[in-house]
$ cat start-v5.tsv   # TSV, C-alpha atoms
chain	number	residue	atom	x	y	z
A	1155	MET	CA	-22.55	12.11	-91.51
A	1156	ASN	CA	-19.46	11.42	-89.39
A	1157	ILE	CA	-19.40	7.84	-90.68
A	1158	LEU	CA	-19.54	9.11	-94.27
A	1159	LEU	CA	-16.70	11.58	-93.68
A	1160	CYS	CA	-14.64	8.86	-92.00
A	1161	SER	CA	-15.21	6.54	-94.96
A	1162	ILE	CA	-14.22	9.27	-97.43
A	1163	ASN	CA	-11.06	10.03	-95.47
A	1164	THR	CA	-10.18	6.34	-95.35
A	1165	GLN	CA	-10.63	5.96	-99.10
A	1166	LYS	CA	-8.56	9.11	-99.69
A	1167	GLY	CA	-5.78	7.72	-97.48
A	1168	LEU	CA	-5.76	4.43	-99.37
A	1169	TYR	CA	-5.67	6.29	-102.67
A	1170	ASP	CA	-2.74	8.42	-101.53
A	1171	ILE	CA	-0.81	5.32	-100.44
A	1172	SER	CA	-1.41	3.60	-103.77
A	1173	GLY	CA	-0.61	6.64	-105.89
A	1174	VAL	CA	2.34	6.80	-108.24
A	1175	GLU	CA	4.33	9.95	-108.95
A	1176	VAL	CA	5.82	9.72	-112.42
A	1177	GLY	CA	8.83	11.81	-113.41
A	1178	GLN	CA	9.46	13.35	-109.98
A	1179	HIS	CA	12.63	12.56	-108.04
A	1180	LEU	CA	14.49	13.65	-104.94
A	1181	TYR	CA	18.01	14.52	-106.07
A	1182	TRP	CA	21.26	14.31	-104.11
A	1183	GLN	CA	24.49	15.85	-105.28
A	1184	ILE	CA	27.36	13.39	-104.71
A	1185	GLY	CA	30.64	14.74	-106.02
A	1186	GLY	CA	29.93	15.86	-109.55
A	1187	PHE	CA	26.98	13.53	-110.00
A	1188	GLN	CA	23.27	14.05	-109.46
A	1189	VAL	CA	21.58	10.87	-108.22
A	1190	HIS	CA	18.03	9.81	-107.41
A	1191	ALA	CA	18.00	9.76	-103.62
A	1192	GLN	CA	14.86	7.64	-103.26
A	1193	VAL	CA	16.39	4.88	-105.38
A	1194	LEU	CA	19.53	4.83	-103.24
A	1195	ILE	CA	17.48	4.70	-100.03
A	1196	THR	CA	15.29	1.81	-101.14
A	1197	SER	CA	18.29	-0.01	-102.66
A	1198	TRP	CA	20.11	0.24	-99.32
A	1199	VAL	CA	17.06	-1.25	-97.60
A	1200	VAL	CA	16.98	-4.14	-100.08
A	1201	ILE	CA	20.73	-4.73	-99.67
A	1202	ALA	CA	20.31	-4.67	-95.87
A	1203	ILE	CA	17.55	-7.28	-96.12
A	1204	LEU	CA	19.73	-9.53	-98.30
A	1205	LEU	CA	22.80	-9.12	-96.08
A	1206	GLY	CA	20.75	-9.74	-92.96
A	1207	SER	CA	19.29	-12.90	-94.50
A	1208	ALA	CA	22.76	-14.12	-95.51
A	1209	ILE	CA	24.11	-13.54	-91.99
A	1210	ILE	CA	21.19	-15.48	-90.50
A	1211	ALA	CA	21.75	-18.30	-93.01
A	1212	VAL	CA	25.44	-18.81	-92.21
A	1213	ARG	CA	25.41	-17.89	-88.53
A	1214	ASN	CA	24.94	-21.41	-87.20
A	1215	PRO	CA	24.81	-24.03	-89.98
A	1216	GLN	CA	23.70	-27.50	-88.95
A	1217	THR	CA	24.54	-30.91	-90.41
A	1218	ILE	CA	20.84	-31.68	-90.26
A	1219	PRO	CA	19.25	-28.47	-91.59
A	1220	THR	CA	16.54	-26.68	-89.63
A	1221	ASP	CA	13.52	-25.07	-91.29
A	1222	GLY	CA	15.32	-21.77	-91.91
A	1223	GLN	CA	18.47	-23.43	-93.22
A	1224	ASN	CA	16.35	-25.66	-95.45
A	1225	PHE	CA	14.77	-22.59	-97.00
A	1226	PHE	CA	18.11	-20.91	-97.76
A	1227	GLU	CA	19.56	-24.13	-99.14
A	1228	TYR	CA	16.51	-24.51	-101.36
A	1229	VAL	CA	17.02	-20.97	-102.70
A	1230	LEU	CA	20.69	-21.76	-103.40
A	1231	GLU	CA	19.82	-25.01	-105.17
A	1232	PHE	CA	17.21	-23.19	-107.23
A	1233	ILE	CA	19.75	-20.58	-108.37
A	1234	ARG	CA	22.33	-23.29	-109.11
A	1235	ASP	CA	19.78	-25.19	-111.22
A	1236	VAL	CA	18.95	-22.06	-113.23
A	1237	SER	CA	22.66	-21.34	-113.77
A	1238	LYS	CA	23.52	-24.94	-114.72
A	1239	THR	CA	20.57	-25.26	-117.10
A	1240	GLN	CA	21.46	-22.10	-119.02
A	1241	ILE	CA	25.28	-22.02	-118.80
A	1242	GLY	CA	26.21	-25.69	-118.70
A	1243	GLU	CA	28.90	-27.53	-116.77
A	1244	GLU	CA	31.00	-24.38	-116.30
A	1245	TYR	CA	28.22	-22.69	-114.34
A	1246	GLY	CA	30.01	-22.72	-110.95
A	1247	PRO	CA	31.81	-19.33	-111.06
A	1248	TRP	CA	28.63	-17.62	-112.28
A	1249	VAL	CA	26.28	-18.76	-109.52
A	1250	PRO	CA	27.07	-15.72	-107.29
A	1251	PHE	CA	26.38	-13.28	-110.16
A	1252	ILE	CA	23.13	-14.94	-111.28
A	1253	GLY	CA	22.04	-15.34	-107.65
A	1254	THR	CA	22.74	-11.69	-106.88
A	1255	MET	CA	20.72	-10.56	-109.89
A	1256	PHE	CA	17.79	-12.82	-109.05
A	1257	LEU	CA	17.67	-12.03	-105.33
A	1258	PHE	CA	18.14	-8.27	-105.73
A	1259	ILE	CA	15.38	-8.00	-108.33
A	1260	PHE	CA	13.09	-10.37	-106.44
A	1261	VAL	CA	13.43	-8.57	-103.09
A	1262	SER	CA	13.23	-5.17	-104.81
A	1263	ASN	CA	10.00	-6.08	-106.58
A	1264	TRP	CA	8.42	-7.54	-103.46
A	1265	SER	CA	9.50	-4.58	-101.33
A	1266	GLY	CA	7.57	-2.31	-103.65
A	1267	ALA	CA	4.43	-4.40	-103.16
A	1268	LEU	CA	4.70	-5.28	-99.45
A	1269	LEU	CA	6.48	-2.39	-97.72
A	1270	PRO	CA	4.42	0.80	-97.14
A	1271	TRP	CA	6.98	3.06	-98.83
A	1272	LYS	CA	4.44	5.75	-99.66
A	1273	ILE	CA	3.71	6.46	-95.99
A	1274	ILE	CA	7.15	8.12	-95.83
A	1275	GLN	CA	6.81	11.56	-97.37
A	1276	LEU	CA	9.64	13.08	-99.40
A	1277	PRO	CA	10.01	16.71	-100.58
A	1278	HIS	CA	9.93	15.42	-104.16
A	1279	GLY	CA	9.06	12.05	-105.65
A	1280	GLU	CA	8.27	8.99	-103.57
A	1281	LEU	CA	9.86	5.84	-102.22
A	1282	ALA	CA	9.19	2.76	-104.33
A	1283	ALA	CA	10.87	-0.43	-105.48
A	1284	PRO	CA	14.37	0.25	-106.87
A	1285	THR	CA	13.37	-1.56	-110.06
A	1286	ASN	CA	10.65	1.09	-110.53
A	1287	ASP	CA	13.42	3.43	-111.76
A	1288	ILE	CA	14.72	2.80	-115.26
A	1289	ASN	CA	18.24	3.79	-114.18
A	1290	THR	CA	18.32	0.72	-111.92
A	1291	THR	CA	17.12	-1.66	-114.62
A	1292	VAL	CA	19.60	-0.19	-117.13
A	1293	ALA	CA	22.44	-0.63	-114.60
A	1294	LEU	CA	21.47	-4.27	-114.02
A	1295	ALA	CA	21.27	-4.86	-117.77
A	1296	LEU	CA	24.69	-3.26	-118.35
A	1297	LEU	CA	26.20	-5.45	-115.62
A	1298	THR	CA	24.78	-8.45	-117.45
A	1299	SER	CA	26.26	-7.17	-120.71
A	1300	VAL	CA	29.71	-6.74	-119.09
A	1301	ALA	CA	29.47	-10.27	-117.66
A	1302	TYR	CA	28.44	-11.55	-121.09
A	1303	PHE	CA	31.53	-10.11	-122.80
A	1304	TYR	CA	33.83	-11.06	-119.92
A	1305	ALA	CA	32.68	-14.69	-120.08
A	1306	GLY	CA	33.39	-14.91	-123.79
A	1307	LEU	CA	36.75	-13.12	-123.69
A	1308	SER	CA	38.00	-15.03	-120.64
A	1309	LYS	CA	37.33	-18.36	-122.34
A	1310	LYS	CA	38.18	-17.65	-125.98
A	1311	GLY	CA	40.42	-14.57	-125.88
A	1312	LEU	CA	40.32	-12.27	-128.88
A	1313	SER	CA	39.06	-15.12	-131.04
A	1314	TYR	CA	35.74	-14.49	-129.28
A	1315	PHE	CA	35.07	-11.64	-131.72
A	1316	GLY	CA	35.21	-14.11	-134.59
A	1317	LYS	CA	31.60	-15.02	-133.85
A	1318	TYR	CA	30.51	-11.69	-135.35
A	1319	ILE	CA	31.46	-12.82	-138.84
A	1320	GLN	CA	29.93	-16.29	-138.55
A	1321	PRO	CA	28.48	-17.94	-140.54
A	1322	THR	CA	29.18	-15.13	-143.05
A	1323	PRO	CA	30.78	-11.65	-142.75
A	1324	ILE	CA	27.60	-10.17	-144.21
A	1325	LEU	CA	25.95	-10.71	-140.80
A	1326	LEU	CA	28.54	-8.54	-138.97
A	1327	PRO	CA	26.23	-5.50	-138.46
A	1328	ILE	CA	23.33	-7.71	-137.35
A	1329	ASN	CA	25.47	-9.67	-134.88
A	1330	ILE	CA	26.87	-6.46	-133.36
A	1331	LEU	CA	23.39	-4.94	-133.14
A	1332	GLU	CA	22.12	-8.08	-131.41
A	1333	ASP	CA	24.71	-7.78	-128.64
A	1334	PHE	CA	23.80	-4.14	-128.03
A	1335	THR	CA	20.05	-4.80	-127.98
A	1336	LYS	CA	20.30	-7.59	-125.38
A	1337	PRO	CA	20.85	-5.28	-122.37
A	1338	LEU	CA	18.30	-2.83	-123.78
A	1339	SER	CA	15.62	-5.51	-124.01
A	1340	LEU	CA	16.42	-6.79	-120.50
A	1341	SER	CA	16.13	-3.28	-119.07
A	1342	PHE	CA	12.86	-2.29	-120.72
A	1343	ARG	CA	11.25	-5.68	-120.10
A	1344	LEU	CA	11.86	-5.44	-116.35
A	1345	PHE	CA	11.08	-1.73	-116.00
A	1346	GLY	CA	7.97	-1.88	-118.19
A	1347	ASN	CA	6.40	-4.79	-116.34
A	1348	ILE	CA	7.02	-3.33	-112.86
A	1349	LEU	CA	5.71	0.13	-113.79
A	1350	ALA	CA	2.69	-1.33	-115.62
A	1351	ASP	CA	1.76	-3.39	-112.56
A	1352	GLU	CA	1.82	-0.29	-110.31
A	1353	LEU	CA	-0.20	1.77	-112.80
A	1354	VAL	CA	-2.86	-0.95	-113.05
A	1355	VAL	CA	-3.28	-0.93	-109.25
A	1356	VAL	CA	-3.54	2.88	-109.21
A	1357	VAL	CA	-6.24	2.86	-111.89
A	1358	LEU	CA	-8.23	0.14	-110.11
A	1359	VAL	CA	-8.04	1.95	-106.77
A	1360	SER	CA	-9.37	5.07	-108.52
A	1361	LEU	CA	-12.29	3.29	-110.16
A	1362	VAL	CA	-13.45	0.49	-107.87
A	1363	PRO	CA	-13.48	-0.38	-104.15
A	1364	LEU	CA	-10.31	-1.71	-102.56
A	1365	VAL	CA	-11.65	-5.30	-102.48
A	1366	VAL	CA	-10.95	-5.54	-106.22
A	1367	PRO	CA	-7.38	-4.11	-106.31
A	1368	ILE	CA	-6.20	-6.28	-103.40
A	1369	PRO	CA	-6.27	-9.57	-105.42
A	1370	VAL	CA	-4.49	-7.72	-108.23
A	1371	MET	CA	-1.78	-6.69	-105.76
A	1372	PHE	CA	-1.28	-10.34	-104.77
A	1373	LEU	CA	-1.11	-11.23	-108.46
A	1374	GLY	CA	1.56	-8.54	-108.74
A	1375	LEU	CA	3.66	-10.40	-106.17
A	1376	PHE	CA	3.58	-13.47	-108.39
A	1377	THR	CA	4.43	-11.58	-111.58
A	1378	SER	CA	7.22	-9.71	-109.75
A	1379	GLY	CA	8.82	-13.02	-108.84
A	1380	ILE	CA	8.44	-14.21	-112.42
A	1381	GLN	CA	10.16	-11.05	-113.68
A	1382	ALA	CA	13.14	-11.72	-111.40
A	1383	LEU	CA	13.34	-15.31	-112.66
A	1384	ILE	CA	13.10	-14.21	-116.31
A	1385	PHE	CA	15.88	-11.64	-115.87
A	1386	ALA	CA	18.19	-14.11	-114.11
A	1387	THR	CA	17.43	-16.86	-116.64
A	1388	LEU	CA	18.10	-14.62	-119.63
A	1389	ALA	CA	21.29	-13.29	-118.03
A	1390	ALA	CA	22.52	-16.87	-117.51
A	1391	ALA	CA	21.48	-17.80	-121.05
A	1392	TYR	CA	23.42	-14.88	-122.52
A	1393	ILE	CA	26.52	-15.83	-120.52
A	1394	GLY	CA	26.22	-19.46	-121.58
A	1395	GLU	CA	25.76	-18.39	-125.20
A	1396	SER	CA	28.87	-16.21	-124.99
A	1397	MET	CA	30.95	-19.09	-123.64
A	1398	GLU	CA	29.68	-21.49	-126.30
A	1399	GLY	CA	30.35	-18.98	-129.03
A	1400	HIS	CA	27.21	-19.52	-131.09
A	1401	HIS	CA	23.69	-18.03	-131.30
$ encode --input "start-v5.tsv" --output "structure tokens"
Amino acid sequence: MNILLCSINTQKGLYDISGVEVGQHLYWQIGGFQVHAQVLITSWVVIAILLGSAIIAVRNPQTIPTDGQNFFEYVLEFIRDVSKTQIGEEYGPWVPFIGTMFLFIFVSNWSGALLPWKIIQLPHGELAAPTNDINTTVALALLTSVAYFYAGLSKKGLSYFGKYIQPTPILLPINILEDFTKPLSLSFRLFGNILADELVVVVLVSLVPLVVPIPVMFLGLFTSGIQALIFATLAAAYIGESMEGHH
């Protein structure tokens, strides 16, 4: 009997850890704004991880790289390749932006899968990956949109807006609508995939033993990385498209 009760309690604990609270948030009042506290907390943790990694990477660089330095240089080369492939020869100034987007989303997604956020109890809502909140994904998409317009205006000036009437002025409404839907599609693609992955794990934990959801969680790590790559690649592609001035 004791063994049965222990097993039930264990399963209940695992279910509680894997649960998802939808629509509930812990609010902080900062100035005249109401913000989601749990998103700020987890974002600060992600930023701390990235800053800590950067400090370790540049603390003692070697002419002949060590294992750790090799890893960070590989990450940098990977981001540079993505930027160069999508933007072209003028990719250099945009590597920090594309790299920041990729690394923030990647670490955010993985933190939601690997860190036991749900063990920490909040009065309302729960701690989860920052990208699990649509406000975060919208903010990232809007940053990409700002970078997209800045790239075009900085290279072409006001003549940049001439693309909206090419190849014919009849396409003006469609071209404008396209530019406004780009950040929207980026935001919902990222948010939808991350939330769907968490909901799938919750349903599996509810229906079957934990041995089945665990492989799905590992699959979620892979798809989370893919989502970060897709977002960064599309952001770089939009910037490159803006600088080229054609669709």
$ closest_residue --input "start-v5.tsv" --among "A:Met1397, A:Ile1273, A:Val1229, A:Leu1375" --to "Gly1306 in chain A" --atoms "all atoms listed in the file"
A:Met1397
$ atom_distance --input "start-v5.tsv" --atom1 "CA of Gln1223 in chain A" --atom2 "CA of Trp1248 in chain A"
22.4 Å
$ residues_around --input "start-v5.tsv" --residues "Ser1341 in chain A" --least-positions-apart "5" --cutoff "6 Å" --atoms "all atoms listed in the file" --output "PyMOL selection string"
chain A and resi 1291-1292+1295
$ closest_residue --input "start-v5.tsv" --among "A:Ser1339, A:Thr1322, A:Gln1188, A:Gln1216" --to "Leu1296 in chain A" --atoms "all atoms listed in the file"
A:Ser1339
$ residues_around --input "start-v5.tsv" --residues "Glu1398 in chain A" --least-positions-apart "5" --cutoff "10 Å" --atoms "only C-alpha atoms" --output "list in words"
Ile1241, Gly1242, Ala1305, Gly1306, Lys1309, Lys1310, Tyr1314, Tyr1392 and Ile1393 of chain A
$ write_last_selection --input "start-v5.tsv" --atoms "C-alpha atoms" --output "short mmCIF file (atom, residue, chain, number, x, y, z; two decimals), in the frame of the given file"
data_model
loop_
_atom_site.label_atom_id
_atom_site.label_comp_id
_atom_site.auth_asym_id
_atom_site.auth_seq_id
_atom_site.Cartn_x
_atom_site.Cartn_y
_atom_site.Cartn_z
CA ILE A 1241 25.28 -22.02 -118.80
CA GLY A 1242 26.21 -25.69 -118.70
CA ALA A 1305 32.68 -14.69 -120.08
CA GLY A 1306 33.39 -14.91 -123.79
CA LYS A 1309 37.33 -18.36 -122.34
CA LYS A 1310 38.18 -17.65 -125.98
CA TYR A 1314 35.74 -14.49 -129.28
CA TYR A 1392 23.42 -14.88 -122.52
CA ILE A 1393 26.52 -15.83 -120.52
#
$ residues_around --input "start-v5.tsv" --residues "Glu1227 in chain A" --least-positions-apart "4" --cutoff "12 Å" --atoms "all atoms listed in the file" --output "CSV table (one decimal) with C-alpha atoms, in the coordinates of the input"
chain,number,residue,atom,x,y,z
A,1208,ALA,CA,22.8,-14.1,-95.5
A,1211,ALA,CA,21.8,-18.3,-93.0
A,1212,VAL,CA,25.4,-18.8,-92.2
A,1215,PRO,CA,24.8,-24.0,-90.0
A,1216,GLN,CA,23.7,-27.5,-89.0
A,1218,ILE,CA,20.8,-31.7,-90.3
A,1219,PRO,CA,19.2,-28.5,-91.6
A,1220,THR,CA,16.5,-26.7,-89.6
A,1221,ASP,CA,13.5,-25.1,-91.3
A,1222,GLY,CA,15.3,-21.8,-91.9
A,1223,GLN,CA,18.5,-23.4,-93.2
A,1231,GLU,CA,19.8,-25.0,-105.2
A,1232,PHE,CA,17.2,-23.2,-107.2
A,1233,ILE,CA,19.8,-20.6,-108.4
A,1234,ARG,CA,22.3,-23.3,-109.1
$ atom_distance --input "start-v5.tsv" --atom1 "CA of Ile1210 in chain A" --atom2 "CA of Phe1225 in chain A"
11.6 Å
$ atom_distance --input "start-v5.tsv" --atom1 "CA of Ile1384 in chain A" --atom2 "CA of Gly1206 in chain A"
25.0 Å
$ closest_residue --input "start-v5.tsv" --among "A:Ser1299, A:Thr1254, A:Ser1197, A:Asn1224" --to "Leu1340 in chain A" --atoms "only C-alpha atoms"
A:Ser1299
$ closest_residue --input "start-v5.tsv" --among "A:Lys1336, A:Ala1301, A:Ala1382, A:Ala1202" --to "Pro1250 in chain A" --atoms "only C-alpha atoms"
A:Ala1301
$ closest_residue --input "start-v5.tsv" --among "A:Thr1239, A:Asn1214, A:Ser1207, A:Thr1335" --to "Phe1226 in chain A" --atoms "all atoms listed in the file"
A:Ser1207
$ closest_residue --input "start-v5.tsv" --among "A:Leu1269, A:Met1255, A:Leu1312, A:Leu1344" --to "Asn1286 in chain A" --atoms "only C-alpha atoms"
A:Leu1344
